[in-house]
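Working notes, beginning with the structure itself.
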Amino acid sequence: MPRHYLTSASLMAAVVLIALTGCTNPLPTGDLPAFREAPAFRNGRGCAAAPTIHVAMTLDATYLRGSLAGVLSILKHTSCPENVTFHFVAVSPFHDLGLTVAAAFPSLPFRIYRFDDALVRGKISSSVRRALDQPLNYARIYLADLLPRAVRRVIYFDSDLVVVDDVARLWGIELGLYVLGAPEYCHANFTAYFTDRFWSDPDFPHALDGRARRPCYFNTGVMVMDLEKWRAGGYTRRLEGWMEVQKKVARIYELGSLPPFLLVFAGEVKGVEHRWNQHGLGGDNVEGLCRDLHPGPVSLLHWSGKGKPWLRLDAGRPCQLDGLWEPYDLLLRRRDQNPFAVDV
C-alpha cells in the first residue's frame, strides 16, 4: 500500500510525520478544485537497480493545477516512475493540498513540508509581478533545511512546467564540485537583472569577482541541487544576506527570488543542456504574450513569465504551445463528472 505523508517541518525542530495511508475519506474538504485520478505508472525492466530520484515542488491553491500537471508529466515519461519521490512545500491549506495530491495519485510516494512564511516576510521586497512576491516563491532557498538530511540531492521544479523526457537523465548529471546544476543563458544581458543602484555601488559588483566562469543568467525554476554541499556552505544564509541588503540597504533588483541566486551562484553553476529548460513560454512579467520555443531539442517546457497555460486555455485565448501542456491537465470539469451535463 502506498504511503503518503503530510510533514510539518520546522527549521529548528524535529520533523513530525502524519501518515495519510488508510484515510476513510481521501478527498479534500476545502475549496480546492477537484482533479481526476491519474493513471498508475509502473516501473520498467532494470528499475530494481535504479536510484531513487527526489523531486521538490511547491504547492498552493493558485498553482495546484500546474503542479499536478508537472507531476503527471514526470511520471509519464520516466522509465522508473515508482523510483521518483516527491517533496512538496506548502503554506496552506496544508491538509487539503495533501489529500488532493493523494486522490489524484494514489500510488505516489510523497511528503509535504509546511513552510513557515514568517521566515521571509520581513525579507521580501515588492517586484515587477505580485506572484514573485509570495513567500512560497522563496521556499526553494530553504529546501536544504526543510528536507531530511538523508535527502542529499534533489531536483527543484517550478509549478508551471511539464517534463517530456526521462527525468532520470537530468538526475544523472555530474555536479562535481558544484552546488547547483542548471541551464545557463550567457547571451542574456546579465546587467539587466540588477538596478543602476547595484552597479554604481563601489562594493556590490565585486561580489561577482573571482567566479570560476563569467557570471551568466540561469533560471531557478529547474535546478539540480546538492543539498549536502548547500548545507556545508551555508548557502541559505548567503541568499538571505542579499535579501536583507535589498530590504534594508538599497534596492538592487526587481525580480523576486532570482537575483539573490544570481549573486550567489552565477558563474559557479554546472551547465546543463538547454533542452532541460525551454523557459519563457509564459511571456514577460508584464503582458505574458505568446512566445516560441528556443532552437534545439526539448526535454522540458516551462511557462515562466506572466502567462500560464491553464489560464489562457480557460479564457479561450491559448497560445499555440499551450496545447502541449493541456494533455497533462487533471482538472475535473463538470462535464467530466456528469457526461450527460448540458451547458445552459
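Residue names in the C-alpha cells use chain letters A, B, ... in the order shown, residue numbers from 1 in each chain, and ligand numbers from 1 in the order shown.
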For region 143-145 of chain A, find every residue with an atom within 7 Å (counting only C-alpha atoms), except residues of its own chain fewer than 3 positions away, and show them as a list in words. Leu11, Ala139, Arg140, Leu227, Trp230 and Arg231 of chain A
Selection above as a file: C-alpha atoms, as a CSV table (one decimal), in the first residue's frame:
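Final file, out-v3.csv:
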```csv
chain,number,residue,atom,x,y,z
A,11,LEU,CA,13.9,24.7,10.7
A,139,ALA,CA,10.8,28.3,-0.4
A,140,ARG,CA,13.5,26.9,-2.8
A,227,LEU,CA,21.9,19.6,-0.5
A,230,TRP,CA,24.5,23.5,0.2
A,231,ARG,CA,24.3,22.8,4.0
```
Residues within 7 Å of Gly307 (chain A), only C-alpha atoms, excluding chain neighbours under 4 positions, as an MDAnalysis selection string: chainID A and resid 282:283 288:289
Take the residues that were just selected and, keeping N, CA, C and O atoms, output them as a short mmCIF file (atom, residue, chain, number, x, y, z; two decimals), in the first residue's frame.
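Heads up, here's the output in result-v2.cif:
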```cif
data_model
loop_
_atom_site.label_atom_id
_atom_site.label_comp_id
_atom_site.auth_asym_id
_atom_site.auth_seq_id
_atom_site.Cartn_x
_atom_site.Cartn_y
_atom_site.Cartn_z
N GLY A 282 5.65 31.62 -20.90
CA GLY A 282 4.60 32.48 -20.36
C GLY A 282 4.77 33.94 -20.72
O GLY A 282 4.03 34.79 -20.23
N GLY A 283 5.73 34.23 -21.59
CA GLY A 283 5.96 35.61 -21.99
C GLY A 283 6.72 36.38 -20.92
O GLY A 283 7.35 35.80 -20.04
N GLY A 288 2.75 38.91 -20.64
CA GLY A 288 2.57 37.47 -20.80
C GLY A 288 2.19 37.06 -22.21
O GLY A 288 1.36 36.17 -22.40
N LEU A 289 2.78 37.68 -23.21
CA LEU A 289 2.44 37.39 -24.60
C LEU A 289 3.00 36.03 -25.03
O LEU A 289 3.90 35.48 -24.41
#
```
Just the residues within 10 Å of Val84 (chain A), please, counting only C-alpha atoms, with nothing from its chain fewer than 5 positions along; format it as a PyMOL selection string. chain A and resi 51-55+71+74-75+78+108-110+167-168
Got time to write the residues from that selection, all heavy atoms, as an mmCIF file, in the first residue's frame?
```cif
data_model
loop_
_atom_site.group_PDB
_atom_site.id
_atom_site.type_symbol
_atom_site.label_atom_id
_atom_site.label_comp_id
_atom_site.auth_asym_id
_atom_site.auth_seq_id
_atom_site.Cartn_x
_atom_site.Cartn_y
_atom_site.Cartn_z
ATOM 1 N N PRO A 51 18.398 4.359 -9.133
ATOM 2 C CA PRO A 51 18.380 5.164 -7.898
ATOM 3 C C PRO A 51 17.011 5.767 -7.631
ATOM 4 O O PRO A 51 16.169 5.876 -8.525
ATOM 5 C CB PRO A 51 19.402 6.259 -8.199
ATOM 6 C CG PRO A 51 19.328 6.429 -9.690
ATOM 7 C CD PRO A 51 19.099 5.043 -10.239
ATOM 8 N N THR A 52 16.784 6.163 -6.397
ATOM 9 C CA THR A 52 15.615 6.963 -6.052
ATOM 10 C C THR A 52 15.878 8.400 -6.472
ATOM 11 O O THR A 52 16.931 8.971 -6.166
ATOM 12 C CB THR A 52 15.336 6.913 -4.545
ATOM 13 O OG1 THR A 52 15.037 5.566 -4.162
ATOM 14 C CG2 THR A 52 14.154 7.814 -4.177
ATOM 15 N N ILE A 53 14.943 8.974 -7.186
ATOM 16 C CA ILE A 53 15.060 10.351 -7.659
ATOM 17 C C ILE A 53 14.172 11.226 -6.789
ATOM 18 O O ILE A 53 12.975 10.951 -6.627
ATOM 19 C CB ILE A 53 14.644 10.456 -9.135
ATOM 20 C CG1 ILE A 53 15.586 9.627 -10.018
ATOM 21 C CG2 ILE A 53 14.605 11.911 -9.594
ATOM 22 C CD1 ILE A 53 15.130 9.506 -11.453
ATOM 23 N N HIS A 54 14.740 12.260 -6.220
ATOM 24 C CA HIS A 54 13.993 13.166 -5.356
ATOM 25 C C HIS A 54 13.658 14.441 -6.121
ATOM 26 O O HIS A 54 14.550 15.101 -6.667
ATOM 27 C CB HIS A 54 14.801 13.504 -4.105
ATOM 28 C CG HIS A 54 15.045 12.322 -3.212
ATOM 29 N ND1 HIS A 54 14.112 11.870 -2.297
ATOM 30 C CD2 HIS A 54 16.105 11.484 -3.115
ATOM 31 C CE1 HIS A 54 14.595 10.820 -1.656
ATOM 32 N NE2 HIS A 54 15.796 10.552 -2.132
ATOM 33 N N VAL A 55 12.370 14.771 -6.158
ATOM 34 C CA VAL A 55 11.887 15.967 -6.849
ATOM 35 C C VAL A 55 11.169 16.850 -5.840
ATOM 36 O O VAL A 55 10.309 16.377 -5.088
ATOM 37 C CB VAL A 55 10.939 15.597 -8.001
ATOM 38 C CG1 VAL A 55 10.303 16.850 -8.598
ATOM 39 C CG2 VAL A 55 11.677 14.813 -9.083
ATOM 40 N N VAL A 71 3.662 16.868 -12.146
ATOM 41 C CA VAL A 71 3.866 15.518 -11.598
ATOM 42 C C VAL A 71 3.497 14.460 -12.624
ATOM 43 O O VAL A 71 4.242 13.503 -12.853
ATOM 44 C CB VAL A 71 3.046 15.334 -10.306
ATOM 45 C CG1 VAL A 71 3.096 13.875 -9.846
ATOM 46 C CG2 VAL A 71 3.553 16.257 -9.204
ATOM 47 N N ILE A 74 6.105 14.075 -15.357
ATOM 48 C CA ILE A 74 7.317 13.386 -14.896
ATOM 49 C C ILE A 74 7.098 11.883 -14.868
ATOM 50 O O ILE A 74 7.916 11.098 -15.374
ATOM 51 C CB ILE A 74 7.722 13.906 -13.506
ATOM 52 C CG1 ILE A 74 8.165 15.368 -13.591
ATOM 53 C CG2 ILE A 74 8.841 13.044 -12.910
ATOM 54 C CD1 ILE A 74 8.278 16.059 -12.245
ATOM 55 N N LEU A 75 5.984 11.463 -14.295
ATOM 56 C CA LEU A 75 5.695 10.029 -14.174
ATOM 57 C C LEU A 75 5.487 9.387 -15.541
ATOM 58 O O LEU A 75 5.894 8.245 -15.774
ATOM 59 C CB LEU A 75 4.457 9.825 -13.309
ATOM 60 C CG LEU A 75 4.560 10.307 -11.853
ATOM 61 C CD1 LEU A 75 3.225 10.116 -11.145
ATOM 62 C CD2 LEU A 75 5.666 9.569 -11.108
ATOM 63 N N THR A 78 9.136 8.943 -17.445
ATOM 64 C CA THR A 78 10.313 8.300 -16.872
ATOM 65 C C THR A 78 10.168 6.789 -16.919
ATOM 66 O O THR A 78 9.057 6.253 -16.828
ATOM 67 C CB THR A 78 10.560 8.766 -15.425
ATOM 68 O OG1 THR A 78 11.809 8.234 -14.975
ATOM 69 C CG2 THR A 78 9.448 8.295 -14.492
ATOM 70 N N LEU A 108 1.463 7.449 -5.382
ATOM 71 C CA LEU A 108 2.620 8.326 -5.401
ATOM 72 C C LEU A 108 3.298 8.397 -4.036
ATOM 73 O O LEU A 108 2.656 8.717 -3.032
ATOM 74 C CB LEU A 108 2.200 9.739 -5.814
ATOM 75 C CG LEU A 108 3.329 10.741 -6.069
ATOM 76 C CD1 LEU A 108 4.056 10.404 -7.362
ATOM 77 C CD2 LEU A 108 2.772 12.164 -6.121
ATOM 78 N N PRO A 109 4.609 8.140 -3.964
ATOM 79 C CA PRO A 109 5.336 8.388 -2.716
ATOM 80 C C PRO A 109 5.666 9.874 -2.591
ATOM 81 O O PRO A 109 6.347 10.433 -3.446
ATOM 82 C CB PRO A 109 6.604 7.540 -2.863
ATOM 83 C CG PRO A 109 6.798 7.376 -4.329
ATOM 84 C CD PRO A 109 5.456 7.490 -4.985
ATOM 85 N N PHE A 110 5.139 10.508 -1.551
ATOM 86 C CA PHE A 110 5.392 11.930 -1.387
ATOM 87 C C PHE A 110 5.302 12.339 0.075
ATOM 88 O O PHE A 110 4.739 11.647 0.906
ATOM 89 C CB PHE A 110 4.412 12.764 -2.230
ATOM 90 C CG PHE A 110 3.005 12.834 -1.692
ATOM 91 C CD1 PHE A 110 2.641 13.820 -0.781
ATOM 92 C CD2 PHE A 110 2.043 11.929 -2.108
ATOM 93 C CE1 PHE A 110 1.337 13.894 -0.297
ATOM 94 C CE2 PHE A 110 0.742 11.996 -1.634
ATOM 95 C CZ PHE A 110 0.384 12.981 -0.723
ATOM 96 N N VAL A 167 13.187 11.976 -16.566
ATOM 97 C CA VAL A 167 13.822 12.826 -15.562
ATOM 98 C C VAL A 167 15.096 12.193 -15.020
ATOM 99 O O VAL A 167 15.961 12.893 -14.471
ATOM 100 C CB VAL A 167 12.819 13.127 -14.427
ATOM 101 C CG1 VAL A 167 12.588 11.898 -13.551
ATOM 102 C CG2 VAL A 167 13.277 14.308 -13.585
ATOM 103 N N ALA A 168 15.258 10.889 -15.198
ATOM 104 C CA ALA A 168 16.491 10.224 -14.760
ATOM 105 C C ALA A 168 17.709 10.787 -15.480
ATOM 106 O O ALA A 168 18.823 10.785 -14.933
ATOM 107 C CB ALA A 168 16.388 8.719 -14.989
#
```
Mind dumping a table of every region 201-305 of chain A residue within 10 Å of region 316-335 of chain A, with the nearest atom pair and its distance in Å to one decimal, using only C-alpha atoms, sorted by chain and rising number, as a Markdown table?
```
| residue | atom | partner | partner_atom | distance |
| --- | --- | --- | --- | --- |
| A:Leu281 | CA | A:Leu321 | CA | 7.7 |
| A:Gly282 | CA | A:Asp322 | CA | 9.2 |
| A:Leu289 | CA | A:Cys319 | CA | 8.3 |
| A:Cys290 | CA | A:Cys319 | CA | 5.6 |
| A:Arg291 | CA | A:Cys319 | CA | 7.9 |
| A:Asp292 | CA | A:Leu321 | CA | 7.5 |
| A:Leu293 | CA | A:Leu321 | CA | 8.3 |
| A:Leu301 | CA | A:Trp325 | CA | 8.2 |
| A:His302 | CA | A:Trp325 | CA | 9.5 |
| A:Trp303 | CA | A:Asp322 | CA | 8.8 |
```
From CA of Ala56 (chain A) to CA of His87 (chain A) the spacing works out at 4.6 Å
Members of region 102-218 of chain A assigned alpha helix (DSSP H) by DSSP, as an mmCIF file with N, CA and C atoms, in the first residue's frame:
```cif
data_model
loop_
_atom_site.group_PDB
_atom_site.id
_atom_site.type_symbol
_atom_site.label_atom_id
_atom_site.label_comp_id
_atom_site.auth_asym_id
_atom_site.auth_seq_id
_atom_site.Cartn_x
_atom_site.Cartn_y
_atom_site.Cartn_z
ATOM 1 N N ALA A 102 -2.975 13.059 -2.939
ATOM 2 C CA ALA A 102 -3.186 11.627 -2.713
ATOM 3 C C ALA A 102 -4.355 11.090 -3.525
ATOM 4 N N ALA A 103 -5.398 11.908 -3.711
ATOM 5 C CA ALA A 103 -6.547 11.466 -4.503
ATOM 6 C C ALA A 103 -6.206 11.386 -5.987
ATOM 7 N N ALA A 104 -5.385 12.313 -6.473
ATOM 8 C CA ALA A 104 -5.023 12.312 -7.890
ATOM 9 C C ALA A 104 -3.965 11.261 -8.210
ATOM 10 N N ALA A 118 6.814 33.162 7.832
ATOM 11 C CA ALA A 118 7.422 34.208 8.650
ATOM 12 C C ALA A 118 8.932 34.284 8.428
ATOM 13 N N LEU A 119 9.524 33.197 7.900
ATOM 14 C CA LEU A 119 10.959 33.185 7.632
ATOM 15 C C LEU A 119 11.366 34.255 6.624
ATOM 16 N N VAL A 120 10.460 34.593 5.720
ATOM 17 C CA VAL A 120 10.841 35.503 4.632
ATOM 18 C C VAL A 120 10.005 36.773 4.562
ATOM 19 N N ARG A 121 8.928 36.849 5.316
ATOM 20 C CA ARG A 121 8.044 38.014 5.160
ATOM 21 C C ARG A 121 8.778 39.333 5.410
ATOM 22 N N LEU A 143 15.166 24.582 0.981
ATOM 23 C CA LEU A 143 14.989 23.138 0.790
ATOM 24 C C LEU A 143 15.993 22.328 1.605
ATOM 25 N N ALA A 144 17.215 22.808 1.712
ATOM 26 C CA ALA A 144 18.224 22.060 2.467
ATOM 27 C C ALA A 144 17.879 21.980 3.944
ATOM 28 N N ASP A 145 17.098 22.936 4.438
ATOM 29 C CA ASP A 145 16.671 22.922 5.831
ATOM 30 C C ASP A 145 15.380 22.144 6.027
ATOM 31 N N LEU A 146 14.503 22.185 5.048
ATOM 32 C CA LEU A 146 13.202 21.543 5.160
ATOM 33 C C LEU A 146 13.266 20.037 4.952
ATOM 34 N N VAL A 167 13.187 11.976 -16.566
ATOM 35 C CA VAL A 167 13.822 12.826 -15.562
ATOM 36 C C VAL A 167 15.096 12.193 -15.020
ATOM 37 N N ALA A 168 15.258 10.889 -15.198
ATOM 38 C CA ALA A 168 16.491 10.224 -14.760
ATOM 39 C C ALA A 168 17.709 10.787 -15.480
ATOM 40 N N ARG A 169 17.529 11.281 -16.692
ATOM 41 C CA ARG A 169 18.656 11.862 -17.432
ATOM 42 C C ARG A 169 19.122 13.166 -16.779
ATOM 43 N N LEU A 170 18.179 13.934 -16.282
ATOM 44 C CA LEU A 170 18.547 15.159 -15.572
ATOM 45 C C LEU A 170 19.164 14.826 -14.220
ATOM 46 N N TRP A 171 18.583 13.866 -13.532
ATOM 47 C CA TRP A 171 19.097 13.439 -12.229
ATOM 48 C C TRP A 171 20.536 12.949 -12.343
ATOM 49 N N ASP A 196 20.532 50.110 -11.477
ATOM 50 C CA ASP A 196 21.674 51.017 -11.588
ATOM 51 C C ASP A 196 22.305 51.249 -10.212
ATOM 52 N N ARG A 197 21.466 51.212 -9.194
ATOM 53 C CA ARG A 197 21.994 51.406 -7.833
ATOM 54 C C ARG A 197 22.984 50.301 -7.481
ATOM 55 N N PHE A 198 22.724 49.086 -7.928
ATOM 56 C CA PHE A 198 23.653 47.984 -7.676
ATOM 57 C C PHE A 198 24.976 48.222 -8.394
ATOM 58 N N TRP A 199 24.892 48.510 -9.685
ATOM 59 C CA TRP A 199 26.113 48.616 -10.485
ATOM 60 C C TRP A 199 26.931 49.852 -10.152
ATOM 61 N N SER A 200 26.299 50.897 -9.617
ATOM 62 C CA SER A 200 27.030 52.117 -9.272
ATOM 63 C C SER A 200 27.644 52.062 -7.881
#
```
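Checking A:Asp201, A:Val162, A:Tyr138, A:Met225 one by one against Ile124 (chain A), counting only C-alpha atoms, you find the shortest gap at A:Tyr138.
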Set the distance at 10 Å and use only C-alpha atoms: which residues neighbour Val224 (chain A) once local chain neighbours fewer than 5 positions away are removed? I'd like the list as a PDB file with N, CA, C and O atoms, in the first residue's frame.
```pdb
ATOM      1  N   HIS A  54      14.740  12.260  -6.220  1.00  0.00           N
ATOM      2  CA  HIS A  54      13.993  13.166  -5.356  1.00  0.00           C
ATOM      3  C   HIS A  54      13.658  14.441  -6.121  1.00  0.00           C
ATOM      4  O   HIS A  54      14.550  15.101  -6.667  1.00  0.00           O
ATOM      5  N   VAL A  55      12.370  14.771  -6.158  1.00  0.00           N
ATOM      6  CA  VAL A  55      11.887  15.967  -6.849  1.00  0.00           C
ATOM      7  C   VAL A  55      11.169  16.850  -5.840  1.00  0.00           C
ATOM      8  O   VAL A  55      10.309  16.377  -5.088  1.00  0.00           O
ATOM      9  N   ARG A 153      20.389  15.047  -2.411  1.00  0.00           N
ATOM     10  CA  ARG A 153      20.327  15.671  -3.737  1.00  0.00           C
ATOM     11  C   ARG A 153      18.861  15.756  -4.128  1.00  0.00           C
ATOM     12  O   ARG A 153      18.070  14.855  -3.842  1.00  0.00           O
ATOM     13  N   VAL A 154      18.477  16.835  -4.786  1.00  0.00           N
ATOM     14  CA  VAL A 154      17.081  16.998  -5.188  1.00  0.00           C
ATOM     15  C   VAL A 154      17.032  17.794  -6.485  1.00  0.00           C
ATOM     16  O   VAL A 154      17.914  18.616  -6.757  1.00  0.00           O
ATOM     17  N   ILE A 155      16.016  17.513  -7.299  1.00  0.00           N
ATOM     18  CA  ILE A 155      15.710  18.367  -8.444  1.00  0.00           C
ATOM     19  C   ILE A 155      14.563  19.281  -8.039  1.00  0.00           C
ATOM     20  O   ILE A 155      13.513  18.806  -7.599  1.00  0.00           O
ATOM     21  N   TYR A 156      14.774  20.582  -8.161  1.00  0.00           N
ATOM     22  CA  TYR A 156      13.686  21.520  -7.911  1.00  0.00           C
ATOM     23  C   TYR A 156      13.024  21.882  -9.229  1.00  0.00           C
ATOM     24  O   TYR A 156      13.697  22.262 -10.194  1.00  0.00           O
ATOM     25  N   PHE A 157      11.694  21.782  -9.249  1.00  0.00           N
ATOM     26  CA  PHE A 157      10.911  22.173 -10.416  1.00  0.00           C
ATOM     27  C   PHE A 157       9.880  23.215 -10.015  1.00  0.00           C
ATOM     28  O   PHE A 157       9.197  23.073  -8.984  1.00  0.00           O
ATOM     29  N   LEU A 170      18.179  13.934 -16.282  1.00  0.00           N
ATOM     30  CA  LEU A 170      18.547  15.159 -15.572  1.00  0.00           C
ATOM     31  C   LEU A 170      19.164  14.826 -14.220  1.00  0.00           C
ATOM     32  O   LEU A 170      20.153  15.427 -13.809  1.00  0.00           O
ATOM     33  N   TRP A 171      18.583  13.866 -13.532  1.00  0.00           N
ATOM     34  CA  TRP A 171      19.097  13.439 -12.229  1.00  0.00           C
ATOM     35  C   TRP A 171      20.536  12.949 -12.343  1.00  0.00           C
ATOM     36  O   TRP A 171      21.347  13.140 -11.434  1.00  0.00           O
ATOM     37  N   GLY A 172      20.878  12.354 -13.448  1.00  0.00           N
ATOM     38  CA  GLY A 172      22.169  11.706 -13.600  1.00  0.00           C
ATOM     39  C   GLY A 172      23.329  12.628 -13.929  1.00  0.00           C
ATOM     40  O   GLY A 172      24.461  12.160 -14.043  1.00  0.00           O
ATOM     41  N   ILE A 173      23.109  13.925 -14.075  1.00  0.00           N
ATOM     42  CA  ILE A 173      24.224  14.811 -14.403  1.00  0.00           C
ATOM     43  C   ILE A 173      25.230  14.836 -13.252  1.00  0.00           C
ATOM     44  O   ILE A 173      24.864  14.733 -12.084  1.00  0.00           O
ATOM     45  N   GLU A 174      26.490  14.942 -13.584  1.00  0.00           N
ATOM     46  CA  GLU A 174      27.558  15.002 -12.582  1.00  0.00           C
ATOM     47  C   GLU A 174      27.775  16.455 -12.160  1.00  0.00           C
ATOM     48  O   GLU A 174      28.154  17.297 -12.980  1.00  0.00           O
ATOM     49  N   LEU A 175      27.533  16.739 -10.903  1.00  0.00           N
ATOM     50  CA  LEU A 175      27.734  18.097 -10.412  1.00  0.00           C
ATOM     51  C   LEU A 175      29.192  18.375 -10.060  1.00  0.00           C
ATOM     52  O   LEU A 175      29.614  19.542 -10.044  1.00  0.00           O
ATOM     53  N   VAL A 179      27.494  23.163  -6.475  1.00  0.00           N
ATOM     54  CA  VAL A 179      26.322  23.014  -5.615  1.00  0.00           C
ATOM     55  C   VAL A 179      25.057  22.887  -6.452  1.00  0.00           C
ATOM     56  O   VAL A 179      24.133  22.154  -6.101  1.00  0.00           O
ATOM     57  N   LEU A 180      25.007  23.596  -7.568  1.00  0.00           N
ATOM     58  CA  LEU A 180      23.826  23.652  -8.427  1.00  0.00           C
ATOM     59  C   LEU A 180      24.160  23.246  -9.851  1.00  0.00           C
ATOM     60  O   LEU A 180      25.251  23.532 -10.351  1.00  0.00           O
ATOM     61  N   GLY A 181      23.184  22.619 -10.514  1.00  0.00           N
ATOM     62  CA  GLY A 181      23.237  22.398 -11.943  1.00  0.00           C
ATOM     63  C   GLY A 181      21.995  22.979 -12.581  1.00  0.00           C
ATOM     64  O   GLY A 181      20.884  22.787 -12.071  1.00  0.00           O
ATOM     65  N   ALA A 182      22.157  23.724 -13.666  1.00  0.00           N
ATOM     66  CA  ALA A 182      21.014  24.339 -14.353  1.00  0.00           C
ATOM     67  C   ALA A 182      21.473  24.803 -15.730  1.00  0.00           C
ATOM     68  O   ALA A 182      22.662  25.084 -15.933  1.00  0.00           O
ATOM     69  N   VAL A 269      27.859  27.606 -11.576  1.00  0.00           N
ATOM     70  CA  VAL A 269      26.777  26.654 -11.834  1.00  0.00           C
ATOM     71  C   VAL A 269      27.258  25.598 -12.821  1.00  0.00           C
ATOM     72  O   VAL A 269      27.900  25.929 -13.822  1.00  0.00           O
ATOM     73  N   LYS A 270      26.931  24.351 -12.544  1.00  0.00           N
ATOM     74  CA  LYS A 270      27.210  23.291 -13.504  1.00  0.00           C
ATOM     75  C   LYS A 270      26.233  23.422 -14.665  1.00  0.00           C
ATOM     76  O   LYS A 270      25.017  23.313 -14.493  1.00  0.00           O
ATOM     77  N   VAL A 272      23.861  22.736 -17.673  1.00  0.00           N
ATOM     78  CA  VAL A 272      23.002  21.646 -18.125  1.00  0.00           C
ATOM     79  C   VAL A 272      22.494  22.009 -19.516  1.00  0.00           C
ATOM     80  O   VAL A 272      22.328  23.185 -19.842  1.00  0.00           O
TER      81      VAL A 272
END
```
